[in-house]
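Below is protein32.tsv, which holds TSV, N, CA and C atoms.
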chain	number	residue	atom	x	y	z
D	29	MET	N	0.21	30.46	2.11
D	29	MET	CA	1.28	29.96	2.95
D	29	MET	C	2.37	31.02	3.00
D	30	GLY	N	2.83	31.36	4.20
D	30	GLY	CA	3.86	32.37	4.37
D	30	GLY	C	5.22	31.88	3.94
D	31	ARG	N	6.16	32.80	3.85
D	31	ARG	CA	7.51	32.48	3.39
D	31	ARG	C	8.18	31.45	4.28
D	32	GLY	N	8.09	31.59	5.58
D	32	GLY	CA	8.72	30.65	6.50
D	32	GLY	C	8.17	29.24	6.38
D	33	ARG	N	6.87	29.13	6.25
D	33	ARG	CA	6.25	27.81	6.10
D	33	ARG	C	6.60	27.19	4.76
D	34	ARG	N	6.70	28.01	3.71
D	34	ARG	CA	7.06	27.50	2.39
D	34	ARG	C	8.48	26.94	2.40
D	35	VAL	N	9.40	27.65	3.03
D	35	VAL	CA	10.78	27.20	3.12
D	35	VAL	C	10.86	25.92	3.94
D	36	GLU	N	10.16	25.88	5.06
D	36	GLU	CA	10.15	24.69	5.92
D	36	GLU	C	9.59	23.48	5.17
D	37	ALA	N	8.54	23.69	4.40
D	37	ALA	CA	7.94	22.60	3.63
D	37	ALA	C	8.91	22.07	2.57
D	38	ILE	N	9.64	22.97	1.93
D	38	ILE	CA	10.60	22.55	0.89
D	38	ILE	C	11.74	21.76	1.51
D	39	LEU	N	12.21	22.17	2.67
D	39	LEU	CA	13.36	21.51	3.31
D	39	LEU	C	13.00	20.21	4.00
D	40	SER	N	11.76	20.07	4.49
D	40	SER	CA	11.43	18.91	5.31
D	40	SER	C	10.76	17.76	4.56
D	41	GLU	N	10.22	18.01	3.38
D	41	GLU	CA	9.53	16.92	2.67
D	41	GLU	C	10.53	16.06	1.88
D	42	PHE	N	10.14	14.82	1.61
D	42	PHE	CA	10.96	13.89	0.85
D	42	PHE	C	10.17	13.46	-0.39
D	43	PRO	N	10.24	14.27	-1.46
D	43	PRO	CA	9.43	13.98	-2.65
D	43	PRO	C	9.98	12.81	-3.45
D	44	GLU	N	9.09	12.12	-4.12
D	44	GLU	CA	9.46	11.06	-5.06
D	44	GLU	C	8.88	11.43	-6.41
D	45	PRO	N	9.67	11.33	-7.49
D	45	PRO	CA	9.15	11.72	-8.79
D	45	PRO	C	8.07	10.76	-9.29
D	46	SER	N	7.02	11.32	-9.87
D	46	SER	CA	5.95	10.51	-10.45
D	46	SER	C	6.30	10.19	-11.91
D	47	ALA	N	5.38	9.56	-12.61
D	47	ALA	CA	5.63	9.18	-14.00
D	47	ALA	C	5.81	10.40	-14.91
D	48	SER	N	5.18	11.51	-14.58
D	48	SER	CA	5.28	12.71	-15.41
D	48	SER	C	6.34	13.69	-14.91
D	49	GLN	N	7.20	13.25	-14.00
D	49	GLN	CA	8.24	14.10	-13.46
D	49	GLN	C	9.61	13.53	-13.76
D	50	LEU	N	10.62	14.39	-13.70
D	50	LEU	CA	11.97	14.01	-14.07
D	50	LEU	C	12.96	14.66	-13.11
D	51	ILE	N	14.03	13.94	-12.76
D	51	ILE	CA	15.11	14.51	-11.94
D	51	ILE	C	16.14	15.09	-12.89
D	52	VAL	N	16.51	16.36	-12.67
D	52	VAL	CA	17.44	17.06	-13.55
D	52	VAL	C	18.48	17.81	-12.72
D	53	ARG	N	19.57	18.21	-13.38
D	53	ARG	CA	20.63	19.01	-12.75
D	53	ARG	C	20.65	20.39	-13.40
D	54	VAL	N	20.79	21.44	-12.61
D	54	VAL	CA	20.82	22.80	-13.13
D	54	VAL	C	22.17	23.05	-13.78
D	55	SER	N	22.14	23.48	-15.05
D	55	SER	CA	23.38	23.76	-15.77
D	55	SER	C	23.59	25.24	-16.02
D	56	GLY	N	22.56	26.05	-15.78
D	56	GLY	CA	22.72	27.49	-15.96
D	56	GLY	C	21.45	28.23	-15.65
D	57	THR	N	21.58	29.55	-15.53
D	57	THR	CA	20.43	30.41	-15.28
D	57	THR	C	20.43	31.53	-16.31
D	58	PRO	N	19.71	31.37	-17.43
D	58	PRO	CA	19.73	32.38	-18.48
D	58	PRO	C	19.07	33.70	-18.09
D	59	GLY	N	18.27	33.72	-17.05
D	59	GLY	CA	17.68	34.97	-16.60
D	59	GLY	C	16.21	34.83	-16.26
D	60	SER	N	15.69	35.88	-15.65
D	60	SER	CA	14.30	35.95	-15.23
D	60	SER	C	13.98	34.75	-14.34
D	61	ASN	N	12.92	34.04	-14.64
D	61	ASN	CA	12.55	32.87	-13.84
D	61	ASN	C	12.79	31.58	-14.64
D	62	LEU	N	13.78	31.59	-15.52
D	62	LEU	CA	14.10	30.42	-16.33
D	62	LEU	C	15.39	29.76	-15.86
D	63	LEU	N	15.43	28.44	-15.96
D	63	LEU	CA	16.61	27.67	-15.59
D	63	LEU	C	16.97	26.75	-16.74
D	64	ARG	N	18.23	26.61	-17.02
D	64	ARG	CA	18.72	25.65	-18.02
D	64	ARG	C	19.11	24.40	-17.25
D	65	VAL	N	18.51	23.25	-17.59
D	65	VAL	CA	18.77	22.01	-16.86
D	65	VAL	C	19.14	20.90	-17.84
D	66	GLU	N	19.79	19.87	-17.30
D	66	GLU	CA	20.10	18.69	-18.11
D	66	GLU	C	19.62	17.45	-17.38
D	67	ASP	N	19.09	16.50	-18.15
D	67	ASP	CA	18.62	15.26	-17.55
D	67	ASP	C	19.78	14.27	-17.46
D	68	ALA	N	19.51	13.06	-17.01
D	68	ALA	CA	20.56	12.06	-16.79
D	68	ALA	C	21.26	11.66	-18.08
D	69	SER	N	20.59	11.82	-19.21
D	69	SER	CA	21.20	11.46	-20.50
D	69	SER	C	22.01	12.61	-21.09
D	70	GLY	N	21.96	13.80	-20.47
D	70	GLY	CA	22.74	14.93	-20.93
D	70	GLY	C	21.99	15.89	-21.82
D	71	CYS	N	20.70	15.68	-22.05
D	71	CYS	CA	19.87	16.54	-22.89
D	71	CYS	C	19.53	17.82	-22.11
D	72	GLU	N	19.86	18.99	-22.67
D	72	GLU	CA	19.59	20.26	-21.99
D	72	GLU	C	18.28	20.87	-22.46
D	73	VAL	N	17.50	21.35	-21.50
D	73	VAL	CA	16.22	22.00	-21.78
D	73	VAL	C	16.05	23.20	-20.84
D	74	THR	N	15.05	24.02	-21.11
D	74	THR	CA	14.75	25.17	-20.28
D	74	THR	C	13.48	24.90	-19.48
D	75	VAL	N	13.51	25.20	-18.19
D	75	VAL	CA	12.33	25.04	-17.34
D	75	VAL	C	12.03	26.36	-16.65
D	76	ARG	N	10.82	26.48	-16.17
D	76	ARG	CA	10.36	27.71	-15.52
D	76	ARG	C	10.34	27.53	-14.01
D	77	LEU	N	10.83	28.53	-13.31
D	77	LEU	CA	10.80	28.56	-11.84
D	77	LEU	C	9.50	29.24	-11.42
D	78	PRO	N	8.67	28.61	-10.57
D	78	PRO	CA	7.42	29.24	-10.15
D	78	PRO	C	7.68	30.57	-9.46
D	79	SER	N	6.85	31.55	-9.74
D	79	SER	CA	7.06	32.89	-9.20
D	79	SER	C	6.93	32.92	-7.67
D	80	LYS	N	6.17	32.00	-7.08
D	80	LYS	CA	6.00	32.01	-5.63
D	80	LYS	C	7.29	31.63	-4.90
D	81	THR	N	8.25	30.98	-5.58
D	81	THR	CA	9.52	30.62	-4.93
D	81	THR	C	10.69	31.43	-5.46
D	82	LYS	N	10.44	32.38	-6.35
D	82	LYS	CA	11.53	33.10	-7.00
D	82	LYS	C	12.46	33.81	-6.01
D	83	ASN	N	11.94	34.53	-5.05
D	83	ASN	CA	12.79	35.24	-4.09
D	83	ASN	C	12.85	34.54	-2.73
D	84	THR	N	12.36	33.31	-2.65
D	84	THR	CA	12.37	32.55	-1.41
D	84	THR	C	13.47	31.50	-1.42
D	85	ILE	N	13.61	30.79	-2.51
D	85	ILE	CA	14.59	29.72	-2.66
D	85	ILE	C	15.51	30.08	-3.80
D	86	TRP	N	16.82	29.98	-3.58
D	86	TRP	CA	17.78	30.27	-4.62
D	86	TRP	C	18.31	28.96	-5.18
D	87	VAL	N	18.44	28.90	-6.49
D	87	VAL	CA	18.90	27.71	-7.18
D	87	VAL	C	20.33	27.93	-7.65
D	88	ARG	N	21.20	26.98	-7.35
D	88	ARG	CA	22.61	27.08	-7.74
D	88	ARG	C	22.89	26.18	-8.93
D	89	THR	N	23.84	26.57	-9.74
D	89	THR	CA	24.28	25.72	-10.83
D	89	THR	C	24.87	24.45	-10.24
D	90	GLY	N	24.45	23.30	-10.74
D	90	GLY	CA	24.91	22.03	-10.20
D	90	GLY	C	23.93	21.41	-9.22
D	91	GLY	N	22.90	22.16	-8.83
D	91	GLY	CA	21.89	21.63	-7.92
D	91	GLY	C	20.92	20.71	-8.66
D	92	PHE	N	20.15	19.95	-7.92
D	92	PHE	CA	19.21	18.99	-8.51
D	92	PHE	C	17.78	19.40	-8.23
D	93	LEU	N	16.91	19.13	-9.21
D	93	LEU	CA	15.50	19.49	-9.13
D	93	LEU	C	14.64	18.34	-9.62
D	94	ILE	N	13.39	18.34	-9.23
D	94	ILE	CA	12.38	17.49	-9.85
D	94	ILE	C	11.48	18.43	-10.63
D	95	ILE	N	11.29	18.15	-11.92
D	95	ILE	CA	10.48	19.02	-12.76
D	95	ILE	C	9.24	18.28	-13.26
D	96	ASN	N	8.19	19.04	-13.52
D	96	ASN	CA	6.99	18.52	-14.17
D	96	ASN	C	7.20	18.67	-15.67
D	97	VAL	N	7.15	17.58	-16.40
D	97	VAL	CA	7.40	17.61	-17.84
D	97	VAL	C	6.12	18.02	-18.57
D	98	THR	N	6.27	18.97	-19.52
D	98	THR	CA	5.16	19.39	-20.36
D	98	THR	C	5.56	19.21	-21.82
D	99	THR	N	4.61	19.43	-22.72
D	99	THR	CA	4.90	19.28	-24.15
D	99	THR	C	5.05	20.63	-24.83
D	100	ASP	N	5.25	21.70	-24.06
D	100	ASP	CA	5.42	23.03	-24.61
D	100	ASP	C	6.72	23.10	-25.40
D	101	VAL	N	6.70	23.78	-26.52
D	101	VAL	CA	7.88	23.84	-27.39
D	101	VAL	C	8.97	24.71	-26.80
D	102	GLU	N	8.61	25.86	-26.25
D	102	GLU	CA	9.62	26.79	-25.75
D	102	GLU	C	10.16	26.40	-24.38
D	103	GLU	N	9.31	25.91	-23.51
D	103	GLU	CA	9.74	25.49	-22.18
D	103	GLU	C	9.38	24.02	-22.00
D	104	TYR	N	10.30	23.28	-21.39
D	104	TYR	CA	10.11	21.84	-21.25
D	104	TYR	C	9.25	21.49	-20.04
D	105	GLY	N	9.16	22.39	-19.08
D	105	GLY	CA	8.37	22.10	-17.88
D	105	GLY	C	8.57	23.17	-16.83
D	106	ASP	N	8.12	22.86	-15.62
D	106	ASP	CA	8.35	23.78	-14.51
D	106	ASP	C	8.84	23.01	-13.30
D	107	VAL	N	9.47	23.73	-12.39
D	107	VAL	CA	10.10	23.12	-11.22
D	107	VAL	C	9.03	22.69	-10.23
D	108	ALA	N	9.10	21.42	-9.81
D	108	ALA	CA	8.16	20.90	-8.83
D	108	ALA	C	8.79	20.87	-7.43
D	109	HIS	N	10.06	20.44	-7.34
D	109	HIS	CA	10.74	20.32	-6.05
D	109	HIS	C	12.21	20.64	-6.19
D	110	PHE	N	12.78	21.20	-5.13
D	110	PHE	CA	14.20	21.43	-5.03
D	110	PHE	C	14.77	20.29	-4.20
D	111	LEU	N	15.87	19.71	-4.63
D	111	LEU	CA	16.44	18.57	-3.90
D	111	LEU	C	17.71	18.98	-3.17
D	112	TYR	N	17.76	18.65	-1.89
D	112	TYR	CA	18.92	18.92	-1.06
D	112	TYR	C	19.55	17.59	-0.65
D	113	LYS	N	20.68	17.63	0.06
D	113	LYS	CA	21.46	16.43	0.37
D	113	LYS	C	20.63	15.28	0.95
D	114	ASP	N	19.85	15.57	1.98
D	114	ASP	CA	19.06	14.52	2.63
D	114	ASP	C	18.03	13.93	1.67
D	115	GLN	N	17.43	14.77	0.86
D	115	GLN	CA	16.43	14.30	-0.10
D	115	GLN	C	17.08	13.46	-1.21
D	116	ILE	N	18.30	13.83	-1.62
D	116	ILE	CA	19.02	13.05	-2.62
D	116	ILE	C	19.38	11.68	-2.06
D	117	ARG	N	19.87	11.64	-0.82
D	117	ARG	CA	20.20	10.35	-0.19
D	117	ARG	C	18.96	9.46	-0.07
D	118	TYR	N	17.84	10.07	0.26
D	118	TYR	CA	16.59	9.32	0.36
D	118	TYR	C	16.22	8.69	-0.98
D	119	LEU	N	16.31	9.46	-2.05
D	119	LEU	CA	16.00	8.93	-3.38
D	119	LEU	C	16.99	7.84	-3.80
D	120	GLN	N	18.26	7.97	-3.40
D	120	GLN	CA	19.26	6.94	-3.72
D	120	GLN	C	18.96	5.64	-2.99
D	121	THR	N	18.57	5.73	-1.72
D	121	THR	CA	18.26	4.51	-0.97
D	121	THR	C	17.00	3.84	-1.48
D	122	ARG	N	16.06	4.61	-2.03
D	122	ARG	CA	14.82	4.05	-2.59
D	122	ARG	C	15.02	3.52	-4.01
D	123	GLY	N	16.20	3.74	-4.60
D	123	GLY	CA	16.48	3.28	-5.96
D	123	GLY	C	15.83	4.13	-7.03
D	124	LEU	N	15.48	5.37	-6.71
D	124	LEU	CA	14.82	6.27	-7.66
D	124	LEU	C	15.79	7.25	-8.32
D	125	TRP	N	17.05	7.21	-7.93
D	125	TRP	CA	18.03	8.16	-8.45
D	125	TRP	C	18.53	7.70	-9.83
D	126	PRO	N	18.56	8.58	-10.84
D	126	PRO	CA	19.01	8.19	-12.18
D	126	PRO	C	20.48	7.78	-12.20
D	127	ALA	N	20.80	6.78	-12.99
D	127	ALA	CA	22.19	6.29	-13.08
D	127	ALA	C	23.13	7.33	-13.67
D	128	GLY	N	22.61	8.24	-14.49
D	128	GLY	CA	23.44	9.29	-15.09
D	128	GLY	C	23.99	10.27	-14.08
D	129	PHE	N	23.35	10.38	-12.93
D	129	PHE	CA	23.82	11.23	-11.84
D	129	PHE	C	24.31	10.34	-10.71
D	130	ALA	N	25.30	9.51	-10.99
D	130	ALA	CA	25.72	8.46	-10.07
D	130	ALA	C	26.01	8.97	-8.66
D	131	SER	N	26.84	10.00	-8.53
D	131	SER	CA	27.23	10.43	-7.19
D	131	SER	C	26.16	11.27	-6.51
D	132	GLY	N	25.46	12.10	-7.28
D	132	GLY	CA	24.47	13.00	-6.68
D	132	GLY	C	25.12	14.12	-5.90
D	133	ASP	N	26.38	14.39	-6.23
D	133	ASP	CA	27.15	15.39	-5.49
D	133	ASP	C	27.33	16.61	-6.38
D	134	ARG	N	26.89	17.76	-5.91
D	134	ARG	CA	27.00	18.96	-6.71
D	134	ARG	C	28.42	19.52	-6.70
D	135	SER	N	29.29	19.07	-5.79
D	135	SER	CA	30.65	19.62	-5.73
D	135	SER	C	31.46	19.23	-6.96
D	136	ASP	N	31.22	18.04	-7.53
D	136	ASP	CA	31.92	17.64	-8.75
D	136	ASP	C	31.55	18.57	-9.90
D	137	THR	N	30.29	18.90	-10.01
D	137	THR	CA	29.82	19.80	-11.07
D	137	THR	C	30.39	21.19	-10.86
D	138	HIS	N	30.45	21.64	-9.62
D	138	HIS	CA	30.99	22.96	-9.32
D	138	HIS	C	32.46	23.02	-9.70
D	139	ARG	N	33.22	21.97	-9.40
D	139	ARG	CA	34.64	21.94	-9.76
D	139	ARG	C	34.81	21.99	-11.28
D	140	GLU	N	33.97	21.27	-12.01
D	140	GLU	CA	34.03	21.29	-13.47
D	140	GLU	C	33.74	22.70	-14.00
D	141	ALA	N	32.76	23.36	-13.44
D	141	ALA	CA	32.41	24.71	-13.88
D	141	ALA	C	33.55	25.69	-13.62
D	142	VAL	N	34.20	25.57	-12.46
D	142	VAL	CA	35.32	26.44	-12.14
D	142	VAL	C	36.48	26.16	-13.08
D	143	ARG	N	36.70	24.90	-13.40
D	143	ARG	CA	37.77	24.53	-14.32
D	143	ARG	C	37.51	25.13	-15.72
D	144	LYS	N	36.27	25.10	-16.19
D	144	LYS	CA	35.93	25.67	-17.49
D	144	LYS	C	36.15	27.18	-17.51
D	145	LEU	N	35.79	27.84	-16.41
D	145	LEU	CA	35.97	29.29	-16.35
D	145	LEU	C	37.45	29.67	-16.32
D	146	ALA	N	38.29	28.82	-15.75
D	146	ALA	CA	39.71	29.13	-15.64
D	146	ALA	C	40.43	29.00	-16.99
D	147	LEU	N	39.84	28.25	-17.92
D	147	LEU	CA	40.48	28.06	-19.22
D	147	LEU	C	40.37	29.23	-20.12
Show me, as structure tokens, the structure contained in the file I just sent.
Amino acid sequence: MGRGRRVEAILSEFPEPSASQLIVRVSGTPGSNLLRVEDASGCEVTVRLPSKTKNTIWVRTGGFLIINVTTDVEEYGDVAHFLYKDQIRYLQTRGLWPAGFASGDRSDTHREAVRKLAL
């Protein structure tokens, strides 16, 4: 699948997390293809970004992802889907959005991050 089709597929689909998947928020990018994420309860773990999307889709701190959970000790899982505004609203209307991420708005997280950097 070419780059354009991959981007179109990511933006146009409305994924729903399965039993082995989890909705998380990006809390940092330690480097390479690793992302630091936190789940709705606030537990932080490291996940892997698939190499096929590394230079196609950029992940911002405060963004939301659906990850595949694994039992690996060093990495908690890998990224299955990137969630954008329309996809977040869809999950909220279906009742699949975690209560820990009540608003689903990345601007609140961005403001908190800017506030921490200013201190």
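Minimum atom-to-atom distance to Ile95 (chain D), evaluated using all atoms listed in the file, belongs to D:Val75 out of D:Val75, D:Lys80, D:Ser69, D:Ser60.
Distance check against Leu50 (chain D) using all atoms listed in the file: of D:Leu77, D:Val97, D:Cys71, D:Leu62, the minimum falls on D:Val97.
In this model, the gap between CA of Ile85 (chain D) and CA of Glu72 (chain D) comes to 22.1 Å.
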Query - Backbone DSSP call of strand (DSSP E) for region 42-113 of chain D, listed as a PyMOL selection string - result: chain D and resi 49-59+62-66+72-76+92-97+105-111
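Using all atoms listed in the file, the shortest contact distance between Gly91 (chain D) and any of D:Gly70, D:Arg53, D:Lys113, D:Glu44 is found at D:Arg53.
Computed from the coordinates, the atom N of Arg76 (chain D) to atom C of Val107 (chain D) distance equals 7.3 Å.
When all atoms listed in the file are used to compute distances to Thr98 (chain D), the closest of the residues D:Ser48, D:Gln115, D:Ser79, D:Thr121 turns out to be D:Ser48.
Residues in contact with Ser55 (chain D) at 8 Å, where only N, CA and C atoms are counted and same-chain residues fewer than 5 positions away are skipped, are listed as Leu63, Arg64, Val65, Glu66, Arg88, Thr89, Gly90 and Gly91 of chain D.
Nearest to Pro78 (chain D) of all the residues D:Gln49, D:His109, D:Val54, D:Tyr104 is D:His109, based on only C-alpha atoms.
If you measure from each of D:Phe92, D:Phe110, D:Asp67, D:Val87 to Gly128 (chain D) using only N, CA and C atoms, the closest one turns out to be D:Asp67.
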